[in-house]
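Undergrad: Pasting work_39.pdb here (PDB, C-alpha atoms and all ligand atoms):
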```pdb
ATOM      1  CA  MET A   1     -27.563  -3.515   7.768
ATOM      2  CA  ALA A   2     -26.945   0.091   6.736
ATOM      3  CA  LEU A   3     -23.458   1.506   6.481
ATOM      4  CA  ASP A   4     -23.886   5.245   6.948
ATOM      5  CA  VAL A   5     -20.580   7.040   6.692
ATOM      6  CA  ASN A   6     -19.066  10.226   5.303
ATOM      7  CA  PHE A   7     -16.466   9.412   2.714
ATOM      8  CA  ALA A   8     -14.361  10.544  -0.234
ATOM      9  CA  LYS A   9     -13.600   8.251  -3.189
ATOM     10  CA  MET A  10     -10.021   8.885  -4.241
ATOM     11  CA  ASN A  11      -7.079   7.138  -5.819
ATOM     12  CA  GLY A  12      -3.312   7.172  -5.527
ATOM     13  CA  LEU A  13      -1.925   6.462  -9.012
ATOM     14  CA  GLY A  14      -5.008   4.342  -9.734
ATOM     15  CA  ASN A  15      -4.944   2.442  -6.393
ATOM     16  CA  ARG A  16      -8.683   2.828  -5.633
ATOM     17  CA  ILE A  17      -9.246   4.199  -2.144
ATOM     18  CA  ILE A  18     -12.322   5.000  -0.054
ATOM     19  CA  VAL A  19     -11.430   7.433   2.724
ATOM     20  CA  ALA A  20     -14.172   6.972   5.336
ATOM     21  CA  ASP A  21     -14.749   9.366   8.222
ATOM     22  CA  MET A  22     -15.396   7.264  11.331
ATOM     23  CA  ARG A  23     -14.412   9.988  13.806
ATOM     24  CA  GLY A  24     -16.688  10.424  16.803
ATOM     25  CA  ARG A  25     -18.092   6.916  16.419
ATOM     26  CA  ALA A  26     -17.528   3.773  18.423
ATOM     27  CA  ASP A  27     -18.249   1.315  15.610
ATOM     28  CA  LYS A  28     -15.877  -0.036  12.956
ATOM     29  CA  ILE A  29     -16.411  -1.012   9.330
ATOM     30  CA  THR A  30     -16.717  -4.790   9.505
ATOM     31  CA  PRO A  31     -14.984  -7.162   7.062
ATOM     32  CA  GLN A  32     -18.423  -8.205   5.764
ATOM     33  CA  ALA A  33     -19.473  -4.580   5.155
ATOM     34  CA  ALA A  34     -16.209  -3.987   3.259
ATOM     35  CA  VAL A  35     -16.738  -7.012   1.016
ATOM     36  CA  GLU A  36     -20.336  -6.029   0.271
ATOM     37  CA  LEU A  37     -19.445  -2.401  -0.366
ATOM     38  CA  ASN A  38     -16.799  -3.506  -2.837
ATOM     39  CA  ALA A  39     -19.341  -5.590  -4.745
ATOM     40  CA  GLN A  40     -21.363  -2.446  -5.529
ATOM     41  CA  SER A  41     -20.389  -0.776  -8.776
ATOM     42  CA  ASP A  42     -19.941   2.850  -7.618
ATOM     43  CA  THR A  43     -18.020   1.977  -4.504
ATOM     44  CA  GLY A  44     -15.636  -0.711  -5.774
ATOM     45  CA  PHE A  45     -12.257  -0.116  -4.143
ATOM     46  CA  ASP A  46      -8.890  -1.669  -3.362
ATOM     47  CA  GLN A  47      -8.632  -0.294   0.193
ATOM     48  CA  ILE A  48     -10.821   1.530   2.702
ATOM     49  CA  MET A  49      -8.877   3.958   4.889
ATOM     50  CA  ALA A  50     -11.201   4.443   7.877
ATOM     51  CA  ILE A  51     -10.256   7.530   9.901
ATOM     52  CA  HIS A  52     -11.008   7.032  13.614
ATOM     53  CA  ASP A  53     -10.391   9.268  16.621
ATOM     54  CA  PRO A  54      -6.747   9.143  17.761
ATOM     55  CA  LYS A  55      -5.736   6.361  20.145
ATOM     56  CA  SER A  56      -2.281   7.672  21.121
ATOM     57  CA  GLU A  57      -1.248  11.107  22.281
ATOM     58  CA  GLY A  58       0.404  13.252  19.605
ATOM     59  CA  THR A  59      -1.400  11.558  16.695
ATOM     60  CA  ASP A  60      -4.101  13.136  14.518
ATOM     61  CA  ALA A  61      -6.058   9.947  13.867
ATOM     62  CA  TYR A  62      -6.079   6.185  14.052
ATOM     63  CA  VAL A  63      -6.457   4.825  10.516
ATOM     64  CA  MET A  64      -7.899   1.359  10.040
ATOM     65  CA  ILE A  65      -6.953  -0.148   6.656
ATOM     66  CA  LEU A  66      -9.244  -2.714   5.041
ATOM     67  CA  ASN A  67      -8.514  -4.629   1.834
ATOM     68  CA  ASN A  68     -11.446  -5.405  -0.442
ATOM     69  CA  ASP A  69     -11.540  -9.036   0.787
ATOM     70  CA  GLY A  70     -12.313  -7.625   4.269
ATOM     71  CA  SER A  71      -8.845  -8.367   5.714
ATOM     72  CA  GLU A  72      -7.068  -5.707   7.742
ATOM     73  CA  ALA A  73      -3.650  -4.375   6.658
ATOM     74  CA  GLU A  74      -0.920  -2.736   8.693
ATOM     75  CA  ALA A  75       0.170  -0.236   6.020
ATOM     76  CA  CYS A  76      -1.037   1.358   2.800
ATOM     77  CA  GLY A  77       1.156   3.980   1.183
ATOM     78  CA  ASN A  78      -1.225   5.231  -1.509
ATOM     79  CA  GLY A  79      -4.169   5.222   0.893
ATOM     80  CA  THR A  80      -2.194   7.238   3.441
ATOM     81  CA  ARG A  81      -1.539   9.915   0.813
ATOM     82  CA  CYS A  82      -5.287  10.032   0.107
ATOM     83  CA  VAL A  83      -6.057  10.455   3.833
ATOM     84  CA  VAL A  84      -3.609  13.375   3.914
ATOM     85  CA  SER A  85      -5.277  15.071   0.911
ATOM     86  CA  ALA A  86      -8.752  14.578   2.399
ATOM     87  CA  LEU A  87      -7.806  15.917   5.835
ATOM     88  CA  SER A  88      -5.816  18.750   4.344
ATOM     89  CA  ALA A  89      -8.865  19.775   2.232
ATOM     90  CA  GLU A  90     -10.971  19.663   5.392
ATOM     91  CA  THR A  91      -8.628  21.366   7.849
ATOM     92  CA  GLY A  92      -6.062  23.336   5.821
ATOM     93  CA  LYS A  93      -3.266  21.538   7.710
ATOM     94  CA  ASN A  94      -0.410  20.014   5.765
ATOM     95  CA  HIS A  95       1.410  17.877   8.331
ATOM     96  CA  PHE A  96      -0.169  14.810   9.941
ATOM     97  CA  THR A  97       0.757  11.998  12.317
ATOM     98  CA  PHE A  98      -1.272   8.807  11.996
ATOM     99  CA  GLU A  99      -1.406   5.539  13.865
ATOM    100  CA  THR A 100      -2.197   2.310  12.009
ATOM    101  CA  LEU A 101      -2.049  -1.360  12.925
ATOM    102  CA  GLY A 102       1.598  -1.196  11.757
ATOM    103  CA  GLY A 103       2.655   1.742  13.969
ATOM    104  CA  ILE A 104       2.940   5.531  13.872
ATOM    105  CA  LEU A 105       3.834   7.442  10.707
ATOM    106  CA  THR A 106       4.013  11.060   9.603
ATOM    107  CA  ALA A 107       3.035  12.646   6.303
ATOM    108  CA  ASP A 108       3.241  16.043   4.621
ATOM    109  CA  GLU A 109       1.447  17.665   1.730
ATOM    110  CA  SER A 110       3.464  20.143  -0.318
ATOM    111  CA  GLU A 111       2.219  23.263  -2.136
ATOM    112  CA  ASP A 112       1.906  21.390  -5.433
ATOM    113  CA  GLY A 113      -0.409  18.785  -3.855
ATOM    114  CA  MET A 114       2.191  15.998  -3.824
ATOM    115  CA  VAL A 115       2.191  14.036  -0.577
ATOM    116  CA  SER A 116       5.220  12.519   1.154
ATOM    117  CA  VAL A 117       4.731   9.758   3.706
ATOM    118  CA  ASP A 118       7.426   8.586   6.105
ATOM    119  CA  MET A 119       6.693   4.854   5.892
ATOM    120  CA  GLY A 120       9.071   4.088   8.777
ATOM    121  CA  ARG A 121      11.964   1.625   8.835
ATOM    122  CA  PRO A 122      11.845  -1.562   6.776
ATOM    123  CA  ARG A 123      12.482  -4.850   8.564
ATOM    124  CA  PHE A 124      14.332  -7.742   6.948
ATOM    125  CA  ARG A 125      14.703 -10.522   9.547
ATOM    126  CA  TRP A 126      12.883 -13.724   8.508
ATOM    127  CA  ASP A 127      10.580 -13.691  11.537
ATOM    128  CA  GLN A 128       9.747 -10.016  10.993
ATOM    129  CA  ILE A 129       8.473 -10.521   7.430
ATOM    130  CA  PRO A 130       7.159 -13.013   8.689
ATOM    131  CA  LEU A 131       8.341 -16.228   7.024
ATOM    132  CA  GLU A 132       7.384 -19.703   8.152
ATOM    133  CA  GLU A 133      11.000 -20.940   8.236
ATOM    134  CA  GLU A 134      14.334 -19.404   9.080
ATOM    135  CA  PHE A 135      16.400 -17.757   6.328
ATOM    136  CA  GLY A 136      19.641 -15.991   7.216
ATOM    137  CA  ASP A 137      19.784 -13.981   3.999
ATOM    138  CA  THR A 138      16.486 -12.362   3.022
ATOM    139  CA  THR A 139      17.890 -10.567  -0.047
ATOM    140  CA  GLY A 140      16.958 -13.755  -1.931
ATOM    141  CA  ILE A 141      15.048 -16.635  -0.372
ATOM    142  CA  GLU A 142      14.570 -20.105  -1.786
ATOM    143  CA  LEU A 143      11.170 -19.943  -3.460
ATOM    144  CA  GLN A 144      10.301 -20.504  -7.088
ATOM    145  CA  ILE A 145       7.398 -20.925  -9.406
ATOM    146  CA  GLY A 146       7.305 -22.791 -12.725
ATOM    147  CA  PRO A 147       9.259 -25.897 -13.814
ATOM    148  CA  ILE A 148      11.901 -26.942 -11.275
ATOM    149  CA  ASP A 149      14.800 -26.658 -13.750
ATOM    150  CA  ALA A 150      13.482 -23.521 -15.517
ATOM    151  CA  PRO A 151      11.546 -21.444 -12.967
ATOM    152  CA  VAL A 152       9.564 -18.481 -14.277
ATOM    153  CA  LEU A 153      10.018 -16.542 -11.037
ATOM    154  CA  HIS A 154      12.519 -17.367  -8.312
ATOM    155  CA  THR A 155      14.626 -16.198  -5.339
ATOM    156  CA  PRO A 156      12.587 -13.180  -4.216
ATOM    157  CA  SER A 157      13.844 -10.545  -1.809
ATOM    158  CA  VAL A 158      11.539 -10.113   1.162
ATOM    159  CA  ALA A 159      10.868  -7.117   3.389
ATOM    160  CA  ASN A 160       8.331  -5.877   5.879
ATOM    161  CA  MET A 161       7.219  -2.267   5.353
ATOM    162  CA  GLY A 162       4.623  -2.569   8.101
ATOM    163  CA  ASN A 163       3.142  -5.260   5.825
ATOM    164  CA  PRO A 164       4.812  -8.292   4.186
ATOM    165  CA  HIS A 165       6.330  -8.074   0.698
ATOM    166  CA  ALA A 166       8.161 -10.397  -1.687
ATOM    167  CA  ILE A 167       9.897  -8.988  -4.761
ATOM    168  CA  PHE A 168      10.869 -11.168  -7.718
ATOM    169  CA  TRP A 169      13.603  -9.644  -9.907
ATOM    170  CA  VAL A 170      13.039 -10.214 -13.616
ATOM    171  CA  LYS A 171      15.045  -9.538 -16.771
ATOM    172  CA  LYS A 172      12.134  -9.321 -19.229
ATOM    173  CA  ASP A 173       9.362  -6.706 -19.429
ATOM    174  CA  VAL A 174       7.151  -7.058 -16.318
ATOM    175  CA  TRP A 175       4.055  -7.201 -18.556
ATOM    176  CA  THR A 176       5.208 -10.505 -20.096
ATOM    177  CA  TYR A 177       4.668 -12.367 -16.779
ATOM    178  CA  ASP A 178       1.313 -13.902 -15.935
ATOM    179  CA  LEU A 179       1.012 -12.278 -12.508
ATOM    180  CA  ASP A 180      -2.728 -12.908 -12.539
ATOM    181  CA  ARG A 181      -1.967 -16.636 -12.363
ATOM    182  CA  PHE A 182       1.151 -16.665 -10.154
ATOM    183  CA  GLY A 183      -0.006 -13.891  -7.787
ATOM    184  CA  PRO A 184      -2.615 -15.878  -5.839
ATOM    185  CA  LEU A 185      -0.323 -18.926  -5.550
ATOM    186  CA  LEU A 186       2.512 -16.842  -4.151
ATOM    187  CA  GLU A 187       0.332 -14.633  -1.925
ATOM    188  CA  ASN A 188      -0.976 -17.758  -0.215
ATOM    189  CA  HIS A 189       2.261 -19.798  -0.266
ATOM    190  CA  PRO A 190       2.849 -21.587   3.080
ATOM    191  CA  ILE A 191       6.185 -19.782   3.464
ATOM    192  CA  PHE A 192       4.126 -16.618   4.213
ATOM    193  CA  PRO A 193       2.041 -17.327   7.357
ATOM    194  CA  GLN A 194       0.359 -13.903   7.062
ATOM    195  CA  ARG A 195       0.216 -14.063   3.249
ATOM    196  CA  ALA A 196       2.241 -11.471   1.298
ATOM    197  CA  ASN A 197       2.095  -8.753  -1.336
ATOM    198  CA  ILE A 198       3.863 -10.052  -4.444
ATOM    199  CA  SER A 199       5.752  -7.800  -6.875
ATOM    200  CA  ILE A 200       7.788  -8.405  -9.989
ATOM    201  CA  ALA A 201      10.472  -5.824 -10.615
ATOM    202  CA  GLN A 202      12.677  -4.965 -13.567
ATOM    203  CA  VAL A 203      15.612  -2.688 -12.779
ATOM    204  CA  GLN A 204      16.060  -0.075 -15.514
ATOM    205  CA  SER A 205      18.994   1.890 -14.104
ATOM    206  CA  ASP A 206      20.649   2.943 -10.863
ATOM    207  CA  ASP A 207      17.635   5.113 -10.025
ATOM    208  CA  HIS A 208      14.667   3.601 -11.839
ATOM    209  CA  ILE A 209      12.687   0.352 -11.430
ATOM    210  CA  ILE A 210       9.440  -0.798 -13.071
ATOM    211  CA  ILE A 211       7.133  -2.990 -10.985
ATOM    212  CA  ARG A 212       3.749  -4.715 -11.042
ATOM    213  CA  THR A 213       2.104  -5.905  -7.847
ATOM    214  CA  TRP A 214      -0.358  -8.571  -6.834
ATOM    215  CA  GLU A 215      -1.696  -7.201  -3.567
ATOM    216  CA  ARG A 216      -2.551  -9.360  -0.578
ATOM    217  CA  GLY A 217      -6.292  -9.249  -0.032
ATOM    218  CA  VAL A 218      -6.999  -7.491  -3.332
ATOM    219  CA  GLY A 219      -5.254  -8.857  -6.442
ATOM    220  CA  LEU A 220      -3.655  -6.892  -9.281
ATOM    221  CA  THR A 221      -3.666  -3.147  -8.623
ATOM    222  CA  GLN A 222      -2.573  -0.076 -10.550
ATOM    223  CA  ALA A 223      -0.253   0.927  -7.710
ATOM    224  CA  CYS A 224       0.967  -0.283  -4.336
ATOM    225  CA  GLY A 225       2.928   2.300  -2.361
ATOM    226  CA  SER A 226       4.317  -0.051   0.265
ATOM    227  CA  ALA A 227       5.435  -2.433  -2.514
ATOM    228  CA  ALA A 228       7.263   0.457  -4.182
ATOM    229  CA  CYS A 229       9.038   1.151  -0.858
ATOM    230  CA  ALA A 230       9.837  -2.545  -0.313
ATOM    231  CA  THR A 231      11.209  -2.818  -3.853
ATOM    232  CA  ALA A 232      13.391   0.261  -3.424
ATOM    233  CA  VAL A 233      14.975  -0.925  -0.167
ATOM    234  CA  CYS A 234      15.475  -4.477  -1.435
ATOM    235  CA  ALA A 235      17.116  -3.183  -4.631
ATOM    236  CA  ALA A 236      19.442  -0.953  -2.627
ATOM    237  CA  ARG A 237      20.340  -3.872  -0.310
ATOM    238  CA  LYS A 238      21.274  -5.944  -3.353
ATOM    239  CA  LYS A 239      23.223  -2.965  -4.757
ATOM    240  CA  LEU A 240      21.074  -2.982  -7.884
ATOM    241  CA  THR A 241      20.308   0.732  -7.376
ATOM    242  CA  GLY A 242      21.131   3.661  -5.124
ATOM    243  CA  ARG A 243      18.880   4.738  -2.221
ATOM    244  CA  ASP A 244      16.913   7.358  -4.185
ATOM    245  CA  VAL A 245      14.765   5.797  -6.901
ATOM    246  CA  LYS A 246      11.775   6.344  -9.134
ATOM    247  CA  ILE A 247       9.432   3.371  -9.102
ATOM    248  CA  THR A 248       7.133   3.131 -12.118
ATOM    249  CA  VAL A 249       3.908   1.249 -11.324
ATOM    250  CA  PRO A 250       1.092   0.652 -13.847
ATOM    251  CA  GLY A 251      -0.639   3.868 -12.641
ATOM    252  CA  GLY A 252       2.434   6.183 -12.806
ATOM    253  CA  ASP A 253       5.539   7.079 -10.829
ATOM    254  CA  LEU A 254       6.387   7.102  -7.141
ATOM    255  CA  PHE A 255       9.573   8.583  -5.708
ATOM    256  CA  ILE A 256      11.256   6.676  -2.907
ATOM    257  CA  GLU A 257      14.104   7.822  -0.712
ATOM    258  CA  TRP A 258      15.701   5.417   1.776
ATOM    259  CA  ARG A 259      17.297   7.857   4.203
ATOM    260  CA  ASP A 260      20.477   7.197   6.152
ATOM    261  CA  ASP A 261      18.423   6.912   9.378
ATOM    262  CA  SER A 262      16.714   3.986   7.594
ATOM    263  CA  HIS A 263      13.320   5.720   7.243
ATOM    264  CA  VAL A 264      11.676   5.302   3.841
ATOM    265  CA  ILE A 265       9.995   8.381   2.359
ATOM    266  CA  MET A 266       7.456   7.824  -0.407
ATOM    267  CA  THR A 267       6.246  10.769  -2.510
ATOM    268  CA  GLY A 268       3.407  10.784  -5.025
ATOM    269  CA  PRO A 269       0.112  12.339  -6.113
ATOM    270  CA  THR A 270      -3.516  11.745  -5.148
ATOM    271  CA  GLU A 271      -6.699  12.210  -7.143
ATOM    272  CA  TRP A 272     -10.307  12.850  -6.103
ATOM    273  CA  GLU A 273     -12.943  10.745  -7.837
ATOM    274  CA  PHE A 274     -16.670  11.080  -7.406
ATOM    275  CA  ALA A 275     -16.400  13.200  -4.291
ATOM    276  CA  GLY A 276     -15.225  15.580  -7.023
ATOM    277  CA  LYS A 277     -12.997  18.613  -7.122
ATOM    278  CA  LEU A 278     -15.717  20.722  -5.537
ATOM    279  CA  ASP A 279     -15.462  18.668  -2.375
ATOM    280  CA  ALA A 280     -11.704  18.788  -2.489
ATOM    281  CA  GLN A 281     -11.953  22.573  -2.568
ATOM    282  CA  THR A 282     -14.661  23.051   0.039
ATOM    283  CA  GLY A 283     -13.435  20.301   2.304
ATOM    284  CA  LYS A 284     -16.987  18.927   2.557
ATOM    285  CA  TRP A 285     -17.395  15.204   2.972
ATOM    286  CA  MET A 286     -19.894  13.245   0.898
ATOM    287  CA  ARG A 287     -22.302  10.989   2.709
ATOM    288  CA  LEU A 288     -22.396   7.342   1.801
ATOM    289  CA  VAL A 289     -25.486   5.454   2.886
ATOM    290  CA  GLU A 290     -25.459   1.935   1.506
ATOM    291  CA  GLU A 291     -27.464  -1.102   2.398
ATOM    292  CA  VAL A 292     -24.790  -3.733   2.959
TER     293      VAL A 292
HETATM  294  N1  LIG B   1      -2.238  -0.471  -1.672
HETATM  295  C1  LIG B   1      -1.385  -0.461  -0.583
HETATM  296  C2  LIG B   1      -1.169  -1.676   0.238
HETATM  297  C3  LIG B   1      -2.469  -2.128   0.919
HETATM  298  C4  LIG B   1      -2.325  -3.259   1.887
HETATM  299  C5  LIG B   1      -1.879  -4.555   1.276
HETATM  300  N2  LIG B   1      -2.786  -5.063   0.291
HETATM  301  C6  LIG B   1      -1.684  -5.569   2.397
HETATM  302  O1  LIG B   1      -2.604  -6.353   2.708
HETATM  303  O2  LIG B   1      -0.596  -5.563   2.976
HETATM  304  C7  LIG B   1      -0.242   0.497  -0.647
HETATM  305  O3  LIG B   1      -0.357   1.484  -1.397
HETATM  306  O4  LIG B   1       0.720   0.349   0.113
END
```
Could I get this structure in the form of structure tokens?

TA:
Amino acid sequence: MALDVNFAKMNGLGNRIIVADMRGRADKITPQAAVELNAQSDTGFDQIMAIHDPKSEGTDAYVMILNNDGSEAEACGNGTRCVVSALSAETGKNHFTFETLGGILTADESEDGMVSVDMGRPRFRWDQIPLEEEFGDTTGIELQIGPIDAPVLHTPSVANMGNPHAIFWVKKDVWTYDLDRFGPLLENHPIFPQRANISIAQVQSDDHIIIRTWERGVGLTQACGSAACATAVCAARKKLTGRDVKITVPGGDLFIEWRDDSHVIMTGPTEWEFAGKLDAQTGKWMRLVEEV
């Protein structure tokens, strides 16, 4: 089977993104094509952001989000910034409205190339995360990993930012935790019927948190924008920080504002990879033809 698609290889703070242009076509990138594409060295990615023709009036595009295990996601903060940079290079526009599986969101590119995405309103009710069983207080649910009397990670906050997140608060440096080992166990824990993105977070101050994330459907990544948003809102709910925070991820910094109307605004950079700066400047798409 040949996957023949125009694309740009980009990243958002090291979160590896393929922006694929599926406009004007009736087909979709299948889970199998995504898995096989990821196995090829030049096109390895964390997410594919497939831009389709709009489905709803007033939107610029429908964006299908695929993780590298072929599963579909409702939200991807870093990938959305990459879609904005790609479409802005192509069209010269700097404001976009997208629809994803998770709903409708807006995004803006500023003069300096930074992109802000309105990630919508977080949801905290147990059945909205979703969790398998009822918890009244989702600022810290009963879940732990490690010995029963000395858990390594415990009592995560949970939130849905379009997609499900659990955040474990830690006192020690986030790099001292074996997230590679605990990540898959927690992602697939029966308490999360739709699996979950798992982050560990160390609060530095009222406006700064350091996190690492094990992403659902991917594994360890350099950055997860929706996890940064989920961490920020959960920290503010627990009164660990204010509502305006810098989140340091392995790939750099994201700036999160939880506005009074409850919308979460995420701001950060994007980078072009082998589509190259030339393509970013001319707005020309590269063509990807792979046997998958
Ligand atoms: N990298 C993303 C999140 C992508 C989706 C996630 N793995 C999921 O399945 O929910 C981001 O920047 O938000």

Undergrad: Given the file above and the PyMOL selection byres (((not hetatm)) within 8 of (chain B and resi 1)), which residues are selected, and can you give them as a PyMOL selection string?

TA: chain A and resi 12+15+46-47+65-67+71-80+162-165+196-197+215-218+221+223-228

Undergrad: Pick the closest to Ala107 (chain A) from A:Ala33, A:Leu240, A:Leu186, A:Leu87: which is it, counting only C-alpha atoms?

TA: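 Checking each of A:Ala33, A:Leu240, A:Leu186, A:Leu87 against Ala107 (chain A), counting only C-alpha atoms, the winner is A:Leu87.
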
Undergrad: Would you kindly return, as an NGL selection string, each protein, DNA or RNA residue with an atom no farther than 9 Å from any atom of Gly183 (chain A), considering all atoms listed in the file and excluding same-chain residues fewer than 3 positions away?

TA: :A and (178-180 or 186-188 or 197-199 or 213-216 or 219-220)

Undergrad: Here's a test: counting only C-alpha atoms, identify every protein, DNA and RNA residue with an atom at most 10 Å from (12.5, 0.0, -14.3) in the file's coordinate frame, and state them as a PyMOL selection string.

TA: chain A and resi 173-174+201-211+245-249

Undergrad: Enter the distance from CA of Asn11 (chain A) to CA of Ser88 (chain A), in Å, rounded to one decimal.

TA: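 That distance, rounded to one decimal, is 15.5 Å.
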
Undergrad: Kindly compute an axis-aligned box around the listed atoms of region 248-265 of chain A, allowing 8 Å on each side, and express its centre and edge lengths in Å to one decimal as AutoDock Vina command-line options.

TA:
```
--center_x 9.9 --center_y 4.6 --center_z -2.2 --size_x 37.1 --size_y 23.9 --size_z 39.2
```

Undergrad: Taking the file above as input, evaluate the PyMOL selection byres (((chain A and resi 269) around 7) and not hetatm) and report the hits as a CSV table (one decimal) with C-alpha atoms, keeping the file's coordinate frame.

TA:
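And here's out.csv as it stands now:
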```
chain,number,residue,atom,x,y,z
A,12,GLY,CA,-3.3,7.2,-5.5
A,13,LEU,CA,-1.9,6.5,-9.0
A,113,GLY,CA,-0.4,18.8,-3.9
A,114,MET,CA,2.2,16.0,-3.8
A,115,VAL,CA,2.2,14.0,-0.6
A,268,GLY,CA,3.4,10.8,-5.0
A,270,THR,CA,-3.5,11.7,-5.1
A,271,GLU,CA,-6.7,12.2,-7.1
```

Undergrad: Take region 133-145 of chain A, bring it up to N, CA and C atoms, and give me the output as a PDB file, keeping the file's coordinate frame.

TA:
```pdb
ATOM      1  N   GLU A 133       9.755 -20.294   7.813  1.00  0.00           N
ATOM      2  CA  GLU A 133      11.000 -20.940   8.236  1.00  0.00           C
ATOM      3  C   GLU A 133      12.157 -19.963   8.195  1.00  0.00           C
ATOM      4  N   GLU A 134      13.211 -20.322   8.919  1.00  0.00           N
ATOM      5  CA  GLU A 134      14.334 -19.404   9.080  1.00  0.00           C
ATOM      6  C   GLU A 134      15.172 -19.282   7.806  1.00  0.00           C
ATOM      7  N   PHE A 135      15.446 -18.053   7.406  1.00  0.00           N
ATOM      8  CA  PHE A 135      16.400 -17.757   6.328  1.00  0.00           C
ATOM      9  C   PHE A 135      17.360 -16.718   6.874  1.00  0.00           C
ATOM     10  N   GLY A 136      18.656 -16.949   6.735  1.00  0.00           N
ATOM     11  CA  GLY A 136      19.641 -15.991   7.216  1.00  0.00           C
ATOM     12  C   GLY A 136      19.692 -14.785   6.292  1.00  0.00           C
ATOM     13  N   ASP A 137      19.642 -15.044   4.988  1.00  0.00           N
ATOM     14  CA  ASP A 137      19.784 -13.981   3.999  1.00  0.00           C
ATOM     15  C   ASP A 137      18.438 -13.752   3.313  1.00  0.00           C
ATOM     16  N   THR A 138      17.813 -12.619   3.603  1.00  0.00           N
ATOM     17  CA  THR A 138      16.486 -12.362   3.022  1.00  0.00           C
ATOM     18  C   THR A 138      16.574 -11.495   1.758  1.00  0.00           C
ATOM     19  N   THR A 139      17.800 -11.291   1.239  1.00  0.00           N
ATOM     20  CA  THR A 139      17.890 -10.567  -0.047  1.00  0.00           C
ATOM     21  C   THR A 139      17.491 -11.493  -1.196  1.00  0.00           C
ATOM     22  N   GLY A 140      17.407 -12.801  -0.908  1.00  0.00           N
ATOM     23  CA  GLY A 140      16.958 -13.755  -1.931  1.00  0.00           C
ATOM     24  C   GLY A 140      16.662 -15.080  -1.265  1.00  0.00           C
ATOM     25  N   ILE A 141      15.375 -15.383  -1.070  1.00  0.00           N
ATOM     26  CA  ILE A 141      15.048 -16.635  -0.372  1.00  0.00           C
ATOM     27  C   ILE A 141      14.711 -17.726  -1.387  1.00  0.00           C
ATOM     28  N   GLU A 142      14.823 -18.960  -0.911  1.00  0.00           N
ATOM     29  CA  GLU A 142      14.570 -20.105  -1.786  1.00  0.00           C
ATOM     30  C   GLU A 142      13.069 -20.273  -1.995  1.00  0.00           C
ATOM     31  N   LEU A 143      12.597 -19.824  -3.124  1.00  0.00           N
ATOM     32  CA  LEU A 143      11.170 -19.943  -3.460  1.00  0.00           C
ATOM     33  C   LEU A 143      11.090 -19.761  -4.966  1.00  0.00           C
ATOM     34  N   GLN A 144      10.396 -20.657  -5.633  1.00  0.00           N
ATOM     35  CA  GLN A 144      10.301 -20.504  -7.088  1.00  0.00           C
ATOM     36  C   GLN A 144       8.967 -20.981  -7.595  1.00  0.00           C
ATOM     37  N   ILE A 145       8.648 -20.527  -8.793  1.00  0.00           N
ATOM     38  CA  ILE A 145       7.398 -20.925  -9.406  1.00  0.00           C
ATOM     39  C   ILE A 145       7.677 -21.273 -10.865  1.00  0.00           C
TER      40      ILE A 145
END
```
